[in-house]
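**Student:** PDB, C-alpha atoms, saved as input.pdb, coming up:
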```pdb
MODEL        1
ATOM      1  CA  MET A 884       0.000   0.000   0.000
ATOM      2  CA  LYS A 885       2.914   2.307   0.712
ATOM      3  CA  SER A 886       4.294   1.991  -2.838
ATOM      4  CA  PHE A 887       0.773   2.497  -4.190
ATOM      5  CA  LYS A 888       0.496   5.859  -2.433
ATOM      6  CA  ARG A 889       4.010   6.833  -3.511
ATOM      7  CA  SER A 890       3.228   5.872  -7.089
ATOM      8  CA  THR A 891       0.048   7.966  -7.021
ATOM      9  CA  LYS A 892       2.007  10.976  -5.752
ATOM     10  CA  ILE A 893       4.634  10.522  -8.468
ATOM     11  CA  LEU A 894       1.934  10.280 -11.136
ATOM     12  CA  PHE A 895       0.273  13.402  -9.753
ATOM     13  CA  GLY A 896       3.611  15.217  -9.984
ATOM     14  CA  VAL A 897       4.097  14.040 -13.566
ATOM     15  CA  LEU A 898       0.619  15.295 -14.481
ATOM     16  CA  VAL A 899       1.308  18.677 -12.884
ATOM     17  CA  PHE A 900       4.601  18.896 -14.798
ATOM     18  CA  LEU A 901       2.909  17.967 -18.102
ATOM     19  CA  SER A 902       0.150  20.496 -17.446
ATOM     20  CA  VAL A 903       2.709  23.254 -16.885
ATOM     21  CA  VAL A 904       4.619  22.272 -20.039
ATOM     22  CA  PHE A 905       1.369  22.236 -22.002
ATOM     23  CA  GLY A 906       0.408  25.658 -20.630
ATOM     24  CA  VAL A 907       3.797  27.099 -21.585
ATOM     25  CA  LEU A 908       3.561  25.529 -25.043
ATOM     26  CA  LEU A 909       0.221  27.221 -25.628
ATOM     27  CA  PHE A 910       2.105  30.521 -25.598
ATOM     28  CA  LEU A 911       5.489  29.522 -27.016
ATOM     29  CA  ALA A 912       4.427  27.020 -29.684
ATOM     30  CA  PRO A 913       4.386  29.415 -32.672
ATOM     31  CA  THR A 914       7.902  30.643 -31.893
ATOM     32  CA  LEU A 915       9.226  27.125 -31.300
ATOM     33  CA  PHE A 916       7.544  25.789 -34.428
ATOM     34  CA  GLN A 917       8.954  28.634 -36.527
ATOM     35  CA  TRP A 918      12.433  27.895 -35.221
ATOM     36  CA  TYR A 919      11.951  24.168 -35.892
ATOM     37  CA  CYS A 920      10.707  24.677 -39.460
ATOM     38  CA  ASP A 921      13.600  27.044 -40.185
ATOM     39  CA  TYR A 922      16.064  24.570 -38.673
ATOM     40  CA  ILE A 923      14.911  21.640 -40.825
ATOM     41  CA  GLY A 924      14.459  23.812 -43.896
ATOM     42  CA  ARG A 925      10.684  23.582 -44.232
ATOM     43  CA  GLY A 926       8.573  26.353 -45.651
ATOM     44  CA  GLU A 927       5.695  28.463 -44.443
ATOM     45  CA  ASP A 928       3.126  25.753 -45.300
ATOM     46  CA  SER A 929       4.740  23.305 -42.887
ATOM     47  CA  TYR A 930       4.843  25.949 -40.169
ATOM     48  CA  LYS A 931       1.178  26.865 -40.631
ATOM     49  CA  THR A 932       0.133  23.209 -40.631
ATOM     50  CA  LEU A 933       2.106  22.544 -37.469
ATOM     51  CA  VAL A 934       0.588  25.504 -35.634
ATOM     52  CA  PHE A 935      -2.904  24.733 -36.953
ATOM     53  CA  VAL A 936      -2.831  21.091 -35.839
ATOM     54  CA  PHE A 937      -1.284  21.945 -32.459
ATOM     55  CA  TYR A 938      -4.046  24.400 -31.588
ATOM     56  CA  LEU A 939      -6.685  22.143 -33.123
ATOM     57  CA  CYS A 940      -5.596  19.281 -30.836
ATOM     58  CA  SER A 941      -5.070  21.483 -27.767
ATOM     59  CA  PRO A 942      -8.647  21.209 -26.426
ATOM     60  CA  SER A 943      -8.421  17.419 -26.587
ATOM     61  CA  ALA A 944      -5.062  17.505 -24.807
ATOM     62  CA  ALA A 945      -6.386  19.821 -22.092
ATOM     63  CA  THR A 946      -9.475  17.665 -21.621
ATOM     64  CA  THR A 947      -7.276  14.579 -21.393
ATOM     65  CA  LEU A 948      -5.174  16.185 -18.657
ATOM     66  CA  ILE A 949      -8.302  17.150 -16.720
ATOM     67  CA  PHE A 950      -9.721  13.632 -16.875
ATOM     68  CA  LEU A 951      -6.363  12.117 -15.928
ATOM     69  CA  PHE A 952      -6.415  14.289 -12.787
ATOM     70  CA  LYS A 953      -9.976  13.127 -12.072
ATOM     71  CA  PHE A 954      -8.941   9.515 -12.584
ATOM     72  CA  LEU A 955      -6.031   9.910 -10.164
ATOM     73  CA  PHE A 956      -8.342  11.458  -7.569
ATOM     74  CA  GLN A 957     -10.700   8.487  -7.984
ATOM     75  CA  ILE A 958      -7.767   6.180  -7.287
ATOM     76  CA  LYS A 959      -6.659   8.294  -4.305
ATOM     77  CA  THR A 960     -10.124   8.066  -2.727
ATOM     78  CA  ASN A 961     -10.189   4.271  -3.267
ATOM     79  CA  GLU A 962     -13.139   4.578  -5.650
ATOM     80  CA  ILE A 963     -11.425   2.558  -8.342
ATOM     81  CA  PHE A 964     -14.171   0.166  -9.411
ATOM     82  CA  SER A 965     -17.046   2.613  -9.684
ATOM     83  CA  PHE A 966     -19.256   3.825 -12.476
ATOM     84  CA  GLU A 967     -17.719   7.298 -12.138
ATOM     85  CA  THR A 968     -14.333   5.790 -12.983
ATOM     86  CA  THR A 969     -15.785   4.083 -16.051
ATOM     87  CA  LYS A 970     -17.228   7.422 -17.203
ATOM     88  CA  ILE A 971     -13.815   9.033 -16.822
ATOM     89  CA  LEU A 972     -12.151   6.214 -18.770
ATOM     90  CA  SER A 973     -14.775   6.510 -21.489
ATOM     91  CA  LYS A 974     -14.180  10.243 -21.840
ATOM     92  CA  LEU A 975     -10.418   9.689 -21.886
ATOM     93  CA  SER A 976     -10.792   7.154 -24.679
ATOM     94  CA  TRP A 977     -12.880   9.554 -26.767
ATOM     95  CA  CYS A 978     -10.289  12.289 -26.251
ATOM     96  CA  CYS A 979      -7.662   9.936 -27.660
ATOM     97  CA  LEU A 980      -9.855   9.043 -30.628
ATOM     98  CA  SER A 981     -10.534  12.711 -31.383
ATOM     99  CA  ILE A 982      -6.820  13.234 -32.014
ATOM    100  CA  VAL A 983      -6.850  10.786 -34.941
ATOM    101  CA  PRO A 984      -8.678  12.914 -37.545
ATOM    102  CA  LEU A 985      -7.385  16.175 -36.079
ATOM    103  CA  SER A 986      -3.732  15.185 -36.485
ATOM    104  CA  LEU A 987      -4.015  13.766 -40.010
ATOM    105  CA  PRO A 988      -3.267  17.121 -41.731
ATOM    106  CA  LEU A 989       0.108  17.084 -40.008
ATOM    107  CA  CYS A 990       0.948  13.815 -41.754
ATOM    108  CA  THR A 991       0.757  15.578 -45.132
ATOM    109  CA  GLN A 992       3.663  17.851 -44.161
ATOM    110  CA  PHE A 993       5.641  15.666 -41.754
ATOM    111  CA  LEU A 994       5.778  11.949 -42.524
ATOM    112  CA  ALA A 995       7.348  11.322 -39.115
ATOM    113  CA  SER A 996       4.075  12.416 -37.476
ATOM    114  CA  LEU A 997       2.238   9.264 -38.617
ATOM    115  CA  PRO A 998       2.635   7.653 -35.169
ATOM    116  CA  ILE A 999       0.470  10.406 -33.626
ATOM    117  CA  PRO A1000      -2.882   9.316 -35.133
ATOM    118  CA  ALA A1001      -1.856   5.669 -34.802
ATOM    119  CA  ALA A1002      -1.082   6.131 -31.105
ATOM    120  CA  GLY A1003      -4.365   7.986 -30.603
ATOM    121  CA  PHE A1004      -6.272   5.109 -32.195
ATOM    122  CA  PHE A1005      -4.498   2.428 -30.159
ATOM    123  CA  MET A1006      -4.941   4.407 -26.931
ATOM    124  CA  TRP A1007      -8.667   4.672 -27.707
ATOM    125  CA  LEU A1008      -8.788   0.907 -28.215
ATOM    126  CA  PHE A1009      -6.772   0.188 -25.061
ATOM    127  CA  LEU A1010      -8.781   2.581 -22.876
ATOM    128  CA  THR A1011     -12.078   1.222 -24.191
ATOM    129  CA  ILE A1012     -11.037  -2.300 -23.240
ATOM    130  CA  ILE A1013      -9.878  -1.121 -19.803
ATOM    131  CA  LYS A1014     -13.144   0.807 -19.354
ATOM    132  CA  ASN A1015     -15.127  -2.356 -20.091
ATOM    133  CA  ALA A1016     -13.082  -4.293 -17.522
ATOM    134  CA  PHE A1017     -13.612  -1.550 -14.912
ATOM    135  CA  GLU A1018     -17.331  -1.494 -15.713
ATOM    136  CA  TYR A1019     -17.542  -5.229 -15.140
ATOM    137  CA  GLY A1020     -15.554  -4.825 -11.912
ATOM    138  CA  ALA A1021     -17.936  -2.081 -10.753
ATOM    139  CA  GLU A1022     -20.926  -4.353 -11.405
ATOM    140  CA  ILE A1023     -19.342  -7.163  -9.407
ATOM    141  CA  LYS A1024     -18.463  -4.745  -6.573
ATOM    142  CA  ASP A1025     -22.063  -3.456  -6.462
ATOM    143  CA  GLU A1026     -23.404  -7.002  -6.356
ATOM    144  CA  ASN A1027     -21.003  -7.888  -3.534
ATOM    145  CA  ASP A1028     -21.970  -4.747  -1.614
ATOM    146  CA  LEU A1029     -25.615  -5.840  -1.742
ATOM    147  CA  THR A1030     -24.803  -9.328  -0.497
ATOM    148  CA  VAL A1031     -25.423  -9.712   3.200
TER     149      VAL A1031
ENDMDL
END
```
As structure tokens, please, write out the structure in this file.
**Tutor:**
Amino acid sequence: MKSFKRSTKILFGVLVFLSVVFGVLLFLAPTLFQWYCDYIGRGEDSYKTLVFVFYLCSPSAATTLIFLFKFLFQIKTNEIFSFETTKILSKLSWCCLSIVPLSLPLCTQFLASLPIPAAGFFMWLFLTIIKNAFEYGAEIKDENDLTV
């Protein structure tokens, strides 16, 4: 149990760090992307596509961070196998799936970005399977709670 609590604190710290990095990127992304496109010798079209897709995917990324925090709080309160947790997992999976079509324009300019929609699709699949397992676990827990 001690390592479980330590692991939860570490994960919380990682999420806070990623949230700060994401917040900073919301302001610095155009400058960083311009520098990157200049560095690799890509034109204005690549820069505009990169900025467009980043800000197009930003709401999904922010929503994902929010639901990851909610999921961690569910774990912290020992409400792991509950229907609230399955709702959170469902929303997380849809956030991952939303990235797939939104990131496809990036693949036209940067071939190396193909893993982004692929990862989004596989995370959707993985989280949907995990959500179904948690849903089944929540049903079993509710049945056991009603047993005298």
**Student:** Exactly which residues make up the result of the PyMOL selection byres ((chain A and resi 971) around 9) on this file, given as an mmCIF file with C-alpha atoms, in the coordinates of the input?
**Tutor:**
```cif
data_model
loop_
_atom_site.group_PDB
_atom_site.id
_atom_site.type_symbol
_atom_site.label_atom_id
_atom_site.label_comp_id
_atom_site.auth_asym_id
_atom_site.auth_seq_id
_atom_site.Cartn_x
_atom_site.Cartn_y
_atom_site.Cartn_z
ATOM 1 C CA PHE A 950 -9.721 13.632 -16.875
ATOM 2 C CA LEU A 951 -6.363 12.117 -15.928
ATOM 3 C CA LYS A 953 -9.976 13.127 -12.072
ATOM 4 C CA PHE A 954 -8.941 9.515 -12.584
ATOM 5 C CA PHE A 966 -19.256 3.825 -12.476
ATOM 6 C CA GLU A 967 -17.719 7.298 -12.138
ATOM 7 C CA THR A 968 -14.333 5.790 -12.983
ATOM 8 C CA THR A 969 -15.785 4.083 -16.051
ATOM 9 C CA LYS A 970 -17.228 7.422 -17.203
ATOM 10 C CA LEU A 972 -12.151 6.214 -18.770
ATOM 11 C CA SER A 973 -14.775 6.510 -21.489
ATOM 12 C CA LYS A 974 -14.180 10.243 -21.840
ATOM 13 C CA LEU A 975 -10.418 9.689 -21.886
ATOM 14 C CA SER A 976 -10.792 7.154 -24.679
ATOM 15 C CA LYS A 1014 -13.144 0.807 -19.354
#
```
**Student:** Show which residues sit within 10 Å of Gly926 in chain A, as a PyMOL selection string. Count only C-alpha atoms, and ignore same-chain residues fewer than 4 positions away.
**Tutor:** chain A and resi 917+920-921+930-931+992
**Student:** Enclose the full set of atoms of range 899-907 of chain A listed in the file within a box whose edges lie along x, y and z, apply 3 Å of padding to each of the six sides, and report centre and edge lengths in Å to one decimal as AutoDock Vina command-line options.
**Tutor:**
```
--center_x 2.4 --center_y 22.5 --center_z -17.4 --size_x 10.5 --size_y 15.1 --size_z 15.1
```
**Student:** Check what the PyMOL selection byres ((chain A and resi 946) around 12) selects in the file above and give those residues as a PyMOL selection string.
**Tutor:** chain A and resi 902+905+940-945+947-953+971+974-979+981-982
**Student:** Just to confirm, what's the straight-line distance from CA of Glu1018 in chain A to CA of Pro998 in chain A in Å (one decimal)?
**Tutor:** 29.3 Å
**Student:** Report, in Å to a single decimal, how far apart CA of Ile958 in chain A and CA of Lys888 in chain A are.
**Tutor:**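 CA of Ile958 in chain A lies at a distance of 9.6 Å from CA of Lys888 in chain A.
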**Student:** Under the rule that all atoms listed in the file are counted, which of A:Lys892, A:Val983, A:Ile1023, A:Val904 is the nearest residue to Met1006 in chain A?
**Tutor:**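 Using all atoms listed in the file, Met1006 in chain A sits closest to A:Val983.
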**Student:** Give me the residues within 9 Å of Val934 in chain A as a list in words, counting all atoms listed in the file and dropping any in the same chain fewer than 4 places off.
**Tutor:**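 Those residues are Ala912, Pro913, Phe916, Gln917, Ser929, Tyr930, Tyr938 and Leu939 of chain A.
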**Student:** CA of Gly1020 in chain A and CA of Ser965 in chain A are how many Å apart?
**Tutor:**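 About the pair CA of Gly1020 in chain A and CA of Ser965 in chain A: they are 7.9 Å apart.
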